[in-house]
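Quick look at structure.csv (CSV, C-alpha atoms and all ligand atoms):
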chain,number,residue,atom,x,y,z
A,55,MET,CA,0.0,0.0,0.0
A,56,ALA,CA,1.4,3.3,-1.1
A,57,SER,CA,0.2,5.4,1.9
A,58,SER,CA,-2.0,5.1,5.0
A,59,ALA,CA,-4.1,8.2,4.5
A,60,PRO,CA,-7.8,7.3,4.6
A,61,ILE,CA,-9.6,6.9,1.4
A,62,TYR,CA,-13.1,8.3,1.4
A,63,LEU,CA,-15.7,6.4,-0.6
A,64,ASP,CA,-18.8,7.1,1.5
A,65,ASN,CA,-20.1,10.0,-0.5
A,66,HIS,CA,-23.7,8.9,-0.1
A,67,ALA,CA,-23.4,9.5,3.6
A,68,THR,CA,-21.9,13.0,3.3
A,69,THR,CA,-19.2,14.6,1.2
A,70,ALA,CA,-16.1,16.8,1.7
A,71,VAL,CA,-17.0,20.5,1.4
A,72,ASP,CA,-15.5,21.9,-1.8
A,73,PRO,CA,-12.7,24.4,-0.9
A,74,ARG,CA,-14.3,27.0,-3.2
A,75,VAL,CA,-17.5,26.7,-1.2
A,76,VAL,CA,-15.6,27.1,2.1
A,77,ALA,CA,-13.9,30.2,0.8
A,78,ALA,CA,-17.2,31.8,-0.2
A,79,MET,CA,-18.7,31.1,3.2
A,80,ILE,CA,-16.0,32.5,5.5
A,81,PRO,CA,-16.5,36.2,5.0
A,82,TYR,CA,-20.1,35.7,6.2
A,83,LEU,CA,-18.8,34.3,9.5
A,84,THR,CA,-16.3,37.1,9.9
A,85,GLU,CA,-16.8,40.6,8.7
A,86,HIS,CA,-20.2,40.2,7.0
A,87,PHE,CA,-22.1,38.8,10.0
A,88,GLY,CA,-25.2,41.0,9.8
A,89,ASN,CA,-28.7,39.6,10.1
A,90,PRO,CA,-30.4,39.5,6.7
A,91,ALA,CA,-33.6,40.6,8.4
A,92,SER,CA,-32.0,43.8,9.8
A,93,SER,CA,-33.5,46.3,7.3
A,94,GLY,CA,-32.2,49.4,9.1
A,95,HIS,CA,-28.5,49.2,8.2
A,96,ALA,CA,-26.0,48.3,5.6
A,97,MET,CA,-24.8,45.1,7.4
A,98,GLY,CA,-28.3,43.7,7.2
A,99,TRP,CA,-28.6,44.7,3.5
A,100,PHE,CA,-25.3,43.1,2.7
A,101,ALA,CA,-26.3,39.8,4.2
A,102,LYS,CA,-29.7,40.0,2.6
A,103,GLU,CA,-28.1,40.5,-0.8
A,104,ALA,CA,-26.0,37.4,-0.3
A,105,VAL,CA,-29.0,35.3,0.7
A,106,GLU,CA,-30.9,36.4,-2.4
A,107,LEU,CA,-28.0,35.7,-4.7
A,108,ALA,CA,-27.9,32.2,-3.1
A,109,ARG,CA,-31.6,31.8,-3.6
A,110,ASP,CA,-31.1,32.6,-7.3
A,111,GLU,CA,-28.3,29.9,-7.5
A,112,VAL,CA,-30.4,27.2,-5.8
A,113,ALA,CA,-33.4,28.1,-8.1
A,114,ALA,CA,-31.2,27.9,-11.2
A,115,MET,CA,-30.0,24.4,-10.3
A,116,VAL,CA,-33.6,23.1,-10.5
A,117,GLY,CA,-34.9,25.4,-13.2
A,118,ALA,CA,-37.2,27.2,-10.7
A,119,SER,CA,-37.9,30.8,-9.8
A,120,PRO,CA,-36.2,32.2,-6.7
A,121,LYS,CA,-39.6,32.8,-5.1
A,122,GLU,CA,-40.1,29.1,-5.1
A,123,ILE,CA,-37.1,28.4,-2.8
A,124,VAL,CA,-37.5,28.1,1.0
A,125,PHE,CA,-34.3,27.6,3.0
A,126,THR,CA,-34.3,24.8,5.6
A,127,SER,CA,-31.7,22.8,7.6
A,128,GLY,CA,-31.4,20.0,5.0
A,129,ALA,CA,-33.4,17.3,3.2
A,130,THR,CA,-34.9,15.8,6.4
A,131,GLU,CA,-36.5,19.1,7.3
A,132,SER,CA,-37.5,19.8,3.7
A,133,THR,CA,-39.2,16.5,3.4
A,134,ASN,CA,-41.0,16.9,6.7
A,135,LEU,CA,-42.1,20.4,5.6
A,136,ALA,CA,-43.2,19.1,2.2
A,137,ILE,CA,-45.2,16.1,3.4
A,138,LEU,CA,-46.6,17.3,6.8
A,139,GLY,CA,-47.0,20.9,5.4
A,140,ALA,CA,-48.8,19.8,2.2
A,141,ALA,CA,-51.0,17.2,4.0
A,142,ARG,CA,-52.1,19.6,6.7
A,143,ALA,CA,-52.8,22.5,4.4
A,144,ASN,CA,-54.8,20.4,1.9
A,145,ARG,CA,-56.5,17.7,4.0
A,146,HIS,CA,-59.9,18.8,2.7
A,147,LYS,CA,-58.9,17.3,-0.7
A,148,GLY,CA,-58.2,13.8,0.7
A,149,GLN,CA,-56.2,12.1,3.4
A,150,HIS,CA,-54.4,9.4,1.4
A,151,LEU,CA,-50.7,9.4,0.7
A,152,ILE,CA,-48.5,7.1,-1.5
A,153,THR,CA,-44.8,6.4,-1.2
A,154,LEU,CA,-42.3,3.6,-1.9
A,155,ALA,CA,-40.8,0.9,0.3
A,156,THR,CA,-37.3,2.1,-0.6
A,157,GLU,CA,-37.8,5.7,0.5
A,158,HIS,CA,-35.5,7.5,2.9
A,159,LYS,CA,-36.6,7.3,6.5
A,160,ALA,CA,-37.5,11.1,6.5
A,161,THR,CA,-40.3,10.3,4.1
A,162,LEU,CA,-41.4,7.0,5.6
A,163,ASP,CA,-41.5,8.5,9.1
A,164,ALA,CA,-43.2,11.7,8.1
A,165,CYS,CA,-45.9,9.7,6.5
A,166,ALA,CA,-46.1,7.5,9.6
A,167,ALA,CA,-46.5,10.6,11.8
A,168,LEU,CA,-49.4,11.7,9.7
A,169,GLU,CA,-51.3,8.5,10.4
A,170,GLU,CA,-51.8,9.8,13.9
A,171,GLU,CA,-53.6,12.8,12.4
A,172,GLY,CA,-56.0,10.5,10.4
A,173,PHE,CA,-54.1,10.2,7.2
A,174,GLU,CA,-53.5,6.8,5.5
A,175,THR,CA,-50.3,5.8,3.6
A,176,THR,CA,-49.9,3.1,0.9
A,177,ILE,CA,-46.4,1.9,0.6
A,178,VAL,CA,-45.8,0.6,-2.9
A,179,PRO,CA,-43.1,-2.2,-3.3
A,180,VAL,CA,-40.3,-2.0,-5.8
A,181,GLN,CA,-39.1,-4.6,-8.3
A,182,ALA,CA,-35.8,-6.5,-7.8
A,183,SER,CA,-34.1,-3.8,-9.8
A,184,GLY,CA,-35.1,-1.2,-7.2
A,185,ILE,CA,-37.4,0.6,-9.6
A,186,VAL,CA,-41.1,0.9,-9.0
A,187,ASP,CA,-43.5,-0.5,-11.6
A,188,LEU,CA,-45.5,2.5,-12.8
A,189,GLU,CA,-48.7,0.5,-13.3
A,190,GLU,CA,-48.5,-0.8,-9.7
A,191,LEU,CA,-48.0,2.8,-8.5
A,192,ALA,CA,-51.0,3.9,-10.6
A,193,ARG,CA,-53.2,1.1,-9.1
A,194,ALA,CA,-52.5,2.5,-5.6
A,195,ILE,CA,-54.1,5.8,-6.5
A,196,ARG,CA,-57.5,6.5,-4.9
A,197,PRO,CA,-60.0,9.3,-5.4
A,198,GLU,CA,-58.8,10.7,-2.0
A,199,THR,CA,-55.1,10.5,-2.8
A,200,LEU,CA,-53.6,13.9,-1.9
A,201,LEU,CA,-49.8,13.4,-2.4
A,202,ILE,CA,-47.3,11.0,-3.8
A,203,SER,CA,-43.7,11.2,-2.6
A,204,VAL,CA,-40.9,9.3,-4.5
A,205,LEU,CA,-37.2,9.6,-4.0
A,206,MET,CA,-35.5,10.5,-7.3
A,207,ALA,CA,-32.2,8.7,-6.5
A,208,ASN,CA,-31.9,6.1,-3.7
A,209,ASN,CA,-29.2,6.7,-1.1
A,210,GLU,CA,-28.2,3.1,-0.7
A,211,ILE,CA,-28.5,1.4,-4.1
A,212,GLY,CA,-28.6,4.5,-6.3
A,213,SER,CA,-31.8,3.5,-8.2
A,214,LEU,CA,-33.2,6.3,-10.3
A,215,GLN,CA,-37.0,6.2,-10.2
A,216,PRO,CA,-39.1,7.4,-13.3
A,217,VAL,CA,-39.9,10.6,-11.5
A,218,ALA,CA,-40.9,12.6,-14.6
A,219,ALA,CA,-43.5,9.9,-15.5
A,220,ILE,CA,-44.7,9.8,-11.9
A,221,GLY,CA,-45.0,13.6,-11.9
A,222,ALA,CA,-47.0,13.5,-15.1
A,223,LEU,CA,-49.4,10.9,-13.5
A,224,CYS,CA,-49.9,13.1,-10.5
A,225,ARG,CA,-50.4,16.3,-12.6
A,226,GLU,CA,-53.1,14.6,-14.7
A,227,ARG,CA,-55.0,13.6,-11.6
A,228,GLY,CA,-54.5,16.7,-9.5
A,229,ILE,CA,-52.3,14.9,-7.0
A,230,LEU,CA,-49.4,16.8,-5.3
A,231,PHE,CA,-46.0,15.3,-6.2
A,232,HIS,CA,-43.0,15.5,-3.9
A,233,THR,CA,-39.5,14.3,-4.7
A,234,ASP,CA,-36.3,14.2,-2.6
A,235,VAL,CA,-33.3,14.9,-4.9
A,236,ALA,CA,-30.7,14.9,-2.1
A,237,GLN,CA,-28.6,12.3,-3.9
A,238,ALA,CA,-29.4,13.3,-7.5
A,239,THR,CA,-28.2,16.9,-7.8
A,240,GLY,CA,-24.9,17.2,-9.4
A,241,LYS,CA,-25.2,13.6,-10.8
A,242,VAL,CA,-28.3,13.7,-13.1
A,243,PRO,CA,-30.3,16.7,-14.4
A,244,VAL,CA,-33.0,17.8,-11.9
A,245,HIS,CA,-35.6,20.2,-13.4
A,246,ALA,CA,-38.8,21.1,-11.6
A,247,GLU,CA,-40.8,21.6,-14.7
A,248,ALA,CA,-39.5,18.5,-16.5
A,249,LEU,CA,-40.3,16.4,-13.4
A,250,ASN,CA,-43.8,17.9,-13.0
A,251,ALA,CA,-42.8,18.3,-9.3
A,252,ASP,CA,-44.7,20.4,-6.8
A,253,LEU,CA,-42.3,20.0,-3.9
A,254,ILE,CA,-38.5,19.2,-4.1
A,255,SER,CA,-36.2,18.5,-1.2
A,256,ILE,CA,-32.6,19.6,-1.6
A,257,THR,CA,-29.6,19.3,0.7
A,258,ALA,CA,-26.0,20.7,0.4
A,259,HIS,CA,-23.9,18.1,2.1
A,260,LYS,CA,-24.5,15.3,-0.4
A,261,MET,CA,-23.0,17.4,-3.2
A,262,HIS,CA,-19.8,18.9,-1.6
A,263,GLY,CA,-21.5,21.6,0.5
A,264,PRO,CA,-21.9,22.1,4.2
A,265,LYS,CA,-24.1,20.1,6.5
A,266,GLY,CA,-27.2,21.7,8.1
A,267,ILE,CA,-28.4,23.6,5.1
A,268,GLY,CA,-30.9,22.7,2.4
A,269,ALA,CA,-34.0,24.0,0.6
A,270,LEU,CA,-37.5,23.1,-0.3
A,271,TYR,CA,-38.8,24.0,-3.8
A,272,VAL,CA,-42.5,24.9,-3.5
A,273,ARG,CA,-44.3,25.5,-6.9
A,274,ARG,CA,-45.8,28.9,-7.1
A,275,GLY,CA,-47.8,28.6,-10.4
A,276,ARG,CA,-49.9,26.3,-12.5
A,277,PRO,CA,-50.9,25.2,-9.9
A,278,ARG,CA,-49.8,27.1,-6.8
A,279,VAL,CA,-49.0,24.7,-4.0
A,280,LYS,CA,-50.2,25.5,-0.5
A,281,ILE,CA,-48.2,24.2,2.5
A,282,SER,CA,-48.4,25.0,6.2
A,283,ALA,CA,-45.3,25.8,8.3
A,284,LEU,CA,-43.7,23.5,10.9
A,285,ILE,CA,-41.7,26.1,12.6
A,286,HIS,CA,-43.4,29.3,13.8
A,287,GLY,CA,-41.8,32.6,14.9
A,288,GLY,CA,-40.3,35.6,13.1
A,289,GLY,CA,-42.0,34.9,9.8
A,290,GLN,CA,-38.9,34.5,7.7
A,291,GLU,CA,-39.2,32.7,4.4
A,292,ARG,CA,-42.7,34.0,3.8
A,293,GLY,CA,-43.8,32.5,7.1
A,294,LEU,CA,-42.9,29.0,5.9
A,295,ARG,CA,-39.8,28.6,8.0
A,296,SER,CA,-39.2,31.0,10.8
A,297,GLY,CA,-35.7,31.5,12.4
A,298,THR,CA,-32.8,33.8,11.6
A,299,LEU,CA,-31.4,32.8,8.2
A,300,ALA,CA,-27.9,31.2,8.5
A,301,THR,CA,-26.2,33.5,6.0
A,302,HIS,CA,-22.9,31.6,5.7
A,303,GLN,CA,-24.7,28.3,5.3
A,304,ILE,CA,-27.0,29.7,2.7
A,305,VAL,CA,-24.1,31.3,0.8
A,306,GLY,CA,-22.4,27.8,0.9
A,307,LEU,CA,-25.5,26.1,-0.4
A,308,GLY,CA,-25.8,28.6,-3.3
A,309,LYS,CA,-22.2,28.0,-4.5
A,310,THR,CA,-22.6,24.2,-4.0
A,311,CYS,CA,-25.6,24.4,-6.4
A,312,VAL,CA,-23.5,26.4,-9.0
A,313,TYR,CA,-20.8,23.7,-8.9
A,314,ALA,CA,-23.4,20.9,-9.0
A,315,LEU,CA,-24.9,22.3,-12.1
A,316,GLU,CA,-21.5,22.7,-13.7
A,317,ALA,CA,-20.7,19.1,-12.9
A,318,LEU,CA,-23.3,17.9,-15.3
A,319,GLU,CA,-21.6,19.8,-18.1
A,320,ASN,CA,-17.8,19.7,-17.4
A,321,GLY,CA,-17.1,16.0,-17.5
A,322,GLU,CA,-17.2,15.5,-13.7
A,323,VAL,CA,-20.2,13.1,-13.8
A,324,GLN,CA,-18.5,11.0,-16.5
A,325,GLU,CA,-15.3,10.9,-14.4
A,326,MET,CA,-17.3,9.6,-11.4
A,327,LYS,CA,-19.0,7.0,-13.5
A,328,ASP,CA,-15.7,5.9,-15.0
A,329,LEU,CA,-14.3,5.5,-11.5
A,330,ARG,CA,-17.4,3.6,-10.3
A,331,ASP,CA,-17.2,1.3,-13.4
A,332,ARG,CA,-13.4,0.8,-12.8
A,333,LEU,CA,-14.1,-0.3,-9.2
A,334,TRP,CA,-16.9,-2.6,-10.2
A,335,ASN,CA,-14.8,-4.2,-13.0
A,336,ALA,CA,-11.8,-4.8,-10.7
A,337,LEU,CA,-14.0,-6.2,-7.9
A,338,GLN,CA,-15.7,-8.6,-10.3
A,339,GLU,CA,-12.3,-9.8,-11.5
A,340,GLY,CA,-10.9,-10.2,-7.9
A,341,ILE,CA,-13.8,-11.5,-6.0
A,342,PRO,CA,-15.6,-14.7,-7.2
A,343,GLY,CA,-19.3,-14.5,-6.9
A,344,VAL,CA,-19.6,-10.8,-6.0
A,345,GLN,CA,-23.0,-9.5,-7.0
A,346,VAL,CA,-24.5,-6.0,-7.4
A,347,ASN,CA,-27.6,-5.0,-5.4
A,348,GLY,CA,-30.2,-3.3,-7.6
A,349,SER,CA,-29.7,-3.0,-11.3
A,350,MET,CA,-26.8,-1.3,-13.0
A,351,ALA,CA,-29.3,0.4,-15.4
A,352,ASN,CA,-31.2,3.4,-14.1
A,353,ARG,CA,-28.6,4.0,-11.4
A,354,LEU,CA,-26.7,7.0,-10.0
A,355,PRO,CA,-23.3,7.2,-11.9
A,356,ASN,CA,-21.4,7.3,-8.6
A,357,ASN,CA,-23.1,4.4,-6.7
A,358,LEU,CA,-22.1,0.8,-6.2
A,359,ASN,CA,-23.7,-1.6,-3.7
A,360,ILE,CA,-22.5,-5.1,-3.7
A,361,SER,CA,-22.9,-8.4,-1.7
A,362,ILE,CA,-19.9,-10.7,-1.2
A,363,PRO,CA,-20.7,-14.4,-0.7
A,364,ASN,CA,-20.0,-15.6,2.9
A,365,VAL,CA,-18.2,-12.4,3.9
A,366,ASP,CA,-19.9,-10.5,6.7
A,367,SER,CA,-19.8,-6.8,5.9
A,368,LYS,CA,-18.9,-5.7,9.4
A,369,ALA,CA,-15.9,-8.1,9.5
A,370,LEU,CA,-14.8,-6.9,6.1
A,371,LEU,CA,-15.1,-3.2,7.1
A,372,MET,CA,-12.9,-3.9,10.1
A,373,ALA,CA,-10.2,-5.4,7.9
A,374,THR,CA,-10.4,-2.5,5.4
A,375,ARG,CA,-10.6,0.3,7.9
A,376,ARG,CA,-8.4,2.6,5.8
A,377,VAL,CA,-11.3,2.9,3.4
A,378,ALA,CA,-14.4,4.8,4.5
A,379,VAL,CA,-17.4,2.9,3.1
A,380,SER,CA,-20.7,1.7,4.6
A,381,SER,CA,-22.4,-1.6,5.1
A,382,GLY,CA,-26.0,-1.1,4.1
A,383,SER,CA,-26.9,2.6,4.7
A,384,ALA,CA,-25.1,4.8,7.2
A,385,CYS,CA,-28.3,5.3,9.2
A,386,ALA,CA,-29.3,1.7,9.2
A,387,SER,CA,-25.8,0.4,10.0
A,388,SER,CA,-25.7,1.8,13.5
A,389,THR,CA,-28.5,-0.5,14.3
A,390,LEU,CA,-28.2,-4.2,13.6
A,391,THR,CA,-31.4,-4.5,11.6
A,392,PRO,CA,-30.7,-5.0,7.9
A,393,SER,CA,-31.4,-2.2,5.5
A,394,HIS,CA,-35.1,-1.7,4.6
A,395,VAL,CA,-34.0,-0.9,1.1
A,396,LEU,CA,-32.2,-4.2,0.6
A,397,GLN,CA,-35.2,-6.0,2.1
A,398,ALA,CA,-37.5,-4.3,-0.3
A,399,LEU,CA,-35.5,-5.7,-3.2
A,400,GLY,CA,-36.2,-9.2,-2.0
A,401,THR,CA,-32.6,-10.0,-1.2
A,402,SER,CA,-31.8,-12.8,1.1
A,403,TYR,CA,-30.7,-12.5,4.8
A,404,THR,CA,-27.1,-13.3,3.7
A,405,GLU,CA,-27.1,-10.8,0.9
A,406,GLN,CA,-28.3,-8.1,3.4
A,407,HIS,CA,-25.5,-8.9,5.9
A,408,THR,CA,-22.8,-9.0,3.3
A,409,ALA,CA,-23.7,-5.7,1.6
A,410,ILE,CA,-21.2,-2.9,1.1
A,411,ARG,CA,-22.0,0.5,-0.3
A,412,PHE,CA,-19.4,2.6,-2.2
A,413,GLY,CA,-20.1,6.2,-3.3
A,414,VAL,CA,-17.7,8.0,-5.5
A,415,GLY,CA,-17.3,11.8,-5.1
A,416,ARG,CA,-15.7,14.8,-6.8
A,417,PHE,CA,-12.3,14.3,-5.3
A,418,ASN,CA,-11.7,10.6,-5.8
A,419,THR,CA,-8.8,9.5,-8.0
A,420,GLU,CA,-8.0,6.4,-10.2
A,421,GLU,CA,-5.2,5.5,-7.8
A,422,GLU,CA,-7.6,5.4,-4.9
A,423,ILE,CA,-10.0,3.2,-6.8
A,424,ASP,CA,-7.2,0.8,-7.7
A,425,GLU,CA,-6.0,0.7,-4.1
A,426,VAL,CA,-9.5,0.0,-2.8
A,427,ALA,CA,-10.1,-2.8,-5.3
A,428,ALA,CA,-6.8,-4.4,-4.4
A,429,LEU,CA,-7.4,-4.1,-0.6
A,430,PHE,CA,-10.9,-5.5,-0.8
A,431,THR,CA,-9.8,-8.4,-3.1
A,432,GLU,CA,-7.0,-9.2,-0.6
A,433,LYS,CA,-9.1,-9.0,2.5
A,434,VAL,CA,-12.0,-10.9,1.1
A,435,ALA,CA,-9.6,-13.8,0.1
A,436,ALA,CA,-8.1,-13.8,3.6
A,437,ILE,CA,-11.5,-13.9,5.3
A,438,GLN,CA,-12.7,-16.7,3.0
A,439,ALA,CA,-9.5,-18.7,3.5
A,440,MET,CA,-9.9,-18.4,7.3
A,441,GLU,CA,-13.5,-19.5,7.0
A,442,ALA,CA,-12.5,-22.5,4.9
A,443,GLU,CA,-9.8,-23.4,7.5
A,444,MET,CA,-12.5,-23.3,10.3
A,445,GLY,CA,-14.7,-25.4,8.2
A,446,LEU,CA,-17.4,-22.8,7.9
B,1,LIG,C1,-28.9,12.3,3.3
B,1,LIG,C2,-30.3,12.2,2.8
B,1,LIG,C3,-31.4,12.8,3.4
B,1,LIG,C4,-31.2,13.6,4.7
B,1,LIG,O1,-30.6,14.9,4.4
B,1,LIG,P1,-30.1,15.8,5.6
B,1,LIG,O2,-29.7,17.1,4.8
B,1,LIG,O3,-29.0,15.1,6.2
B,1,LIG,O4,-31.2,16.0,6.5
B,1,LIG,C5,-32.6,12.7,2.9
B,1,LIG,N1,-32.8,12.0,1.7
B,1,LIG,C6,-31.8,11.4,1.1
B,1,LIG,C7,-32.1,10.7,-0.2
B,1,LIG,C8,-30.5,11.5,1.6
B,1,LIG,O5,-29.6,10.9,1.0
Transcribe the structure of this file into structure tokens.
Amino acid sequence: MASSAPIYLDNHATTAVDPRVVAAMIPYLTEHFGNPASSGHAMGWFAKEAVELARDEVAAMVGASPKEIVFTSGATESTNLAILGAARANRHKGQHLITLATEHKATLDACAALEEEGFETTIVPVQASGIVDLEELARAIRPETLLISVLMANNEIGSLQPVAAIGALCRERGILFHTDVAQATGKVPVHAEALNADLISITAHKMHGPKGIGALYVRRGRPRVKISALIHGGGQERGLRSGTLATHQIVGLGKTCVYALEALENGEVQEMKDLRDRLWNALQEGIPGVQVNGSMANRLPNNLNISIPNVDSKALLMATRRVAVSSGSACASSTLTPSHVLQALGTSYTEQHTAIRFGVGRFNTEEEIDEVAALFTEKVAAIQAMEAEMGL
């Protein structure tokens, strides 16, 4: 091994903040610390101007108008605001929600919380590929269906759902459509109009921005979407999200969105995909029987999720500690319950307990990928040899 510096391939859990983003944020922590709501002096105006520029940048990333962007603390809050907010403000139209078995916990738990308020949720299964069958989704629709929420790109297996088609289905029937694009931005095009989306959850820290900042897109026209607030107070963000705006975080989110949009054009996405494919090819060569979870088609360009026969993922991660990757999803792996996403694919108990998730990011290199493939190949062989010796 060339060096012992850690190699970070857990970019679905979080990402390194781009140094250009850090540089843009710092002045708003030092000299430009005014409150954007202070309308009586220049320090407030300066901060407000920075916030509004960032709002333009976030809006541009998803083809929206800046008036449609509400700043939040991240995708968890955005999704809660979208689902709880839309359901509570529109319950006279119906109290039925639809989502998928492979959704992020933010969505599943927000829907579950609404059940206590009299709403009902249908959780539609996915196919072995990880993708929902559109006809099955359509069959779940009832006259009282108010909202459908579908994750654009899954955070464990990278599946890309047919969100534009789902959005069209919703639009035709007057159902609100929410999509969480936390993993998708900077990897695949995300356009509010093309997706027929009414509500879109965005977060900075999955695309080389800071943690603790995100946004919710709320459609303002054709049709205008009504949601109610979760956080009450000073009336910031048109009353939809009170609390002093975190200027430095918002500036960081804005720049993060600028670079995410650029990544779709400047070859960065292709580079990530090439690295992911290089890793997958090398692992297939080195590890007999290795299999991919989910389908390689309709998948994020930077995601790989594999299962290795008879090699417990926790044991393997201990042996490959230099490399930061996850077994299952980061959230699920602190508990010992297998990932609900892998379960929804119909994988076996063994496949769930031998799953490893790799996520390539902006700063990974070919050398790192080659080192990781070699290290995993070596350690898998060692664990399997030990198991054979013990007669397992
Ligand atoms: C990380 C993630 C979230 C949570 O975002 P936070 O900004 O950490 O709250 C939600 N959805 C998906 C798909 C994610 O990957």
May I have a table of the residues of chain A lying at most 6 Å from ligand LIG 1 (chain B), giving each one's closest pair of atoms and their distance in Å to one decimal, counting all atoms listed in the file, ordered by chain and ascending residue number, as a Markdown table?
| residue | atom | partner | partner_atom | distance |
| --- | --- | --- | --- | --- |
| A:Gly128 | CA | B:LIG1 | O2 | 3.4 |
| A:Ala129 | CA | B:LIG1 | O1 | 3.9 |
| A:Thr130 | CA | B:LIG1 | O4 | 3.7 |
| A:His158 | CA | B:LIG1 | N1 | 5.4 |
| A:Asn208 | CA | B:LIG1 | C7 | 5.8 |
| A:Asn209 | CA | B:LIG1 | O5 | 4.7 |
| A:Asp234 | CA | B:LIG1 | N1 | 6.0 |
| A:Ala236 | CA | B:LIG1 | C7 | 4.8 |
| A:Gln237 | CA | B:LIG1 | O5 | 5.2 |
| A:Thr257 | CA | B:LIG1 | O2 | 4.7 |
Could the residues in this selection be saved with C-alpha atoms as a tab-separated table (two decimals), in the frame of the given file?
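Saved as again00.tsv:
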chain	number	residue	atom	x	y	z
A	128	GLY	CA	-31.40	20.00	5.00
A	129	ALA	CA	-33.40	17.30	3.20
A	130	THR	CA	-34.90	15.80	6.40
A	158	HIS	CA	-35.50	7.50	2.90
A	208	ASN	CA	-31.90	6.10	-3.70
A	209	ASN	CA	-29.20	6.70	-1.10
A	234	ASP	CA	-36.30	14.20	-2.60
A	236	ALA	CA	-30.70	14.90	-2.10
A	237	GLN	CA	-28.60	12.30	-3.90
A	257	THR	CA	-29.60	19.30	0.70
Distance CA of Val414 (chain A)-CA of Asn356 (chain A), one decimal place? 4.9 Å
So, counting all atoms listed in the file, which residue among A:Ala96, A:Ala104, A:Leu253, A:Val242 is closest to Ile123 (chain A)?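 Of A:Ala96, A:Ala104, A:Leu253, A:Val242, the one nearest Ile123 (chain A), counting all atoms listed in the file, is A:Leu253.
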My list of candidates is A:Ile185, A:Ala118, A:Leu333, A:Val75. Which is closest to Leu429 (chain A) when distances are computed with all atoms listed in the file?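 Answer, going by the shortest atom-to-atom distance: A:Leu333.
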Measuring between all atoms listed in the file, which one of A:Ile341, A:Leu201, A:Leu399, A:Ala300 shows the shortest distance to Val434 (chain A)?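 Closest to Val434 (chain A) of all the choices is A:Ile341.
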Taking into account all atoms listed in the file, which residue in the set A:Phe87, A:Phe412, A:Trp99, A:Phe173 is nearest to Arg330 (chain A)?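 That would be A:Phe412, the residue with the smallest distance to Arg330 (chain A).
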Could you check which of A:Ala78, A:Ala114, A:Ile202, A:Ala246 is closest to Glu157 (chain A), using only C-alpha atoms?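 Checking each of A:Ala78, A:Ala114, A:Ile202, A:Ala246 against Glu157 (chain A), counting only C-alpha atoms, the winner is A:Ile202.
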Quick check, in Å to one decimal: how far apart do CA of Asn357 (chain A) and CA of Ala427 (chain A) lie?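 Interatomic distance, CA of Asn357 (chain A) to CA of Ala427 (chain A): 14.9 Å.
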As an exercise, work out the distance from CA of Gln181 (chain A) to CA of Ala336 (chain A) in Å and give it to one decimal place.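 If I compute the distance from CA of Gln181 (chain A) to CA of Ala336 (chain A), I get 27.4 Å.
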Find, counting only C-alpha atoms, the residue in A:His302, A:His150, A:Glu189, A:Ala167 that gets nearest to Gly88 (chain A). A:His302
Would you kindly return, as number ranges by chain, each protein, DNA or RNA residue with an atom no farther than 12 Å from any atom of Val344 (chain A), considering only C-alpha atoms and excluding same-chain residues fewer than 2 positions away? A: 334-342, 346-347, 358-365, 405, 408-410, 430-431, 434
Report, as lines of an AutoDock Vina configuration file, the axis-aligned box around all atoms of region 403-407 of chain A present in the file, extended by 5 Å on each side; give centre and edge lengths in Å to one decimal place.
center_x = -28.1
center_y = -10.7
center_z = 3.4
size_x = 15.2
size_y = 15.2
size_z = 15.0
Name all residues at most 10 Å from Ile220 (chain A) (count all atoms listed in the file; drop same-chain ones fewer than 5 positions away) and give them as an NGL selection string. :A and (188 or 191-192 or 202-204 or 215 or 225 or 231-233 or 249-251)
Take the residues from that selection and write them out as an mmCIF file, in the frame of the given file, keeping C-alpha atoms.
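File produced: result-v7.cif:
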data_model
loop_
_atom_site.group_PDB
_atom_site.id
_atom_site.type_symbol
_atom_site.label_atom_id
_atom_site.label_comp_id
_atom_site.auth_asym_id
_atom_site.auth_seq_id
_atom_site.Cartn_x
_atom_site.Cartn_y
_atom_site.Cartn_z
ATOM 1 C CA LEU A 188 -45.500 2.500 -12.800
ATOM 2 C CA LEU A 191 -48.000 2.800 -8.500
ATOM 3 C CA ALA A 192 -51.000 3.900 -10.600
ATOM 4 C CA ILE A 202 -47.300 11.000 -3.800
ATOM 5 C CA SER A 203 -43.700 11.200 -2.600
ATOM 6 C CA VAL A 204 -40.900 9.300 -4.500
ATOM 7 C CA GLN A 215 -37.000 6.200 -10.200
ATOM 8 C CA ARG A 225 -50.400 16.300 -12.600
ATOM 9 C CA PHE A 231 -46.000 15.300 -6.200
ATOM 10 C CA HIS A 232 -43.000 15.500 -3.900
ATOM 11 C CA THR A 233 -39.500 14.300 -4.700
ATOM 12 C CA LEU A 249 -40.300 16.400 -13.400
ATOM 13 C CA ASN A 250 -43.800 17.900 -13.000
ATOM 14 C CA ALA A 251 -42.800 18.300 -9.300
#
Mind checking which residues fall within 12 Å of Ser119 (chain A), counting all atoms listed in the file, ignoring those fewer than 4 positions away in the same chain, and posting them as a CSV table (one decimal) with C-alpha atoms, in the coordinates of the input?
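out_14.csv was written with the following content:
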chain,number,residue,atom,x,y,z
A,106,GLU,CA,-30.9,36.4,-2.4
A,109,ARG,CA,-31.6,31.8,-3.6
A,110,ASP,CA,-31.1,32.6,-7.3
A,111,GLU,CA,-28.3,29.9,-7.5
A,112,VAL,CA,-30.4,27.2,-5.8
A,113,ALA,CA,-33.4,28.1,-8.1
A,114,ALA,CA,-31.2,27.9,-11.2
A,115,MET,CA,-30.0,24.4,-10.3
A,123,ILE,CA,-37.1,28.4,-2.8
A,124,VAL,CA,-37.5,28.1,1.0
A,245,HIS,CA,-35.6,20.2,-13.4
A,246,ALA,CA,-38.8,21.1,-11.6
A,247,GLU,CA,-40.8,21.6,-14.7
A,271,TYR,CA,-38.8,24.0,-3.8
A,272,VAL,CA,-42.5,24.9,-3.5
A,273,ARG,CA,-44.3,25.5,-6.9
A,274,ARG,CA,-45.8,28.9,-7.1
A,275,GLY,CA,-47.8,28.6,-10.4
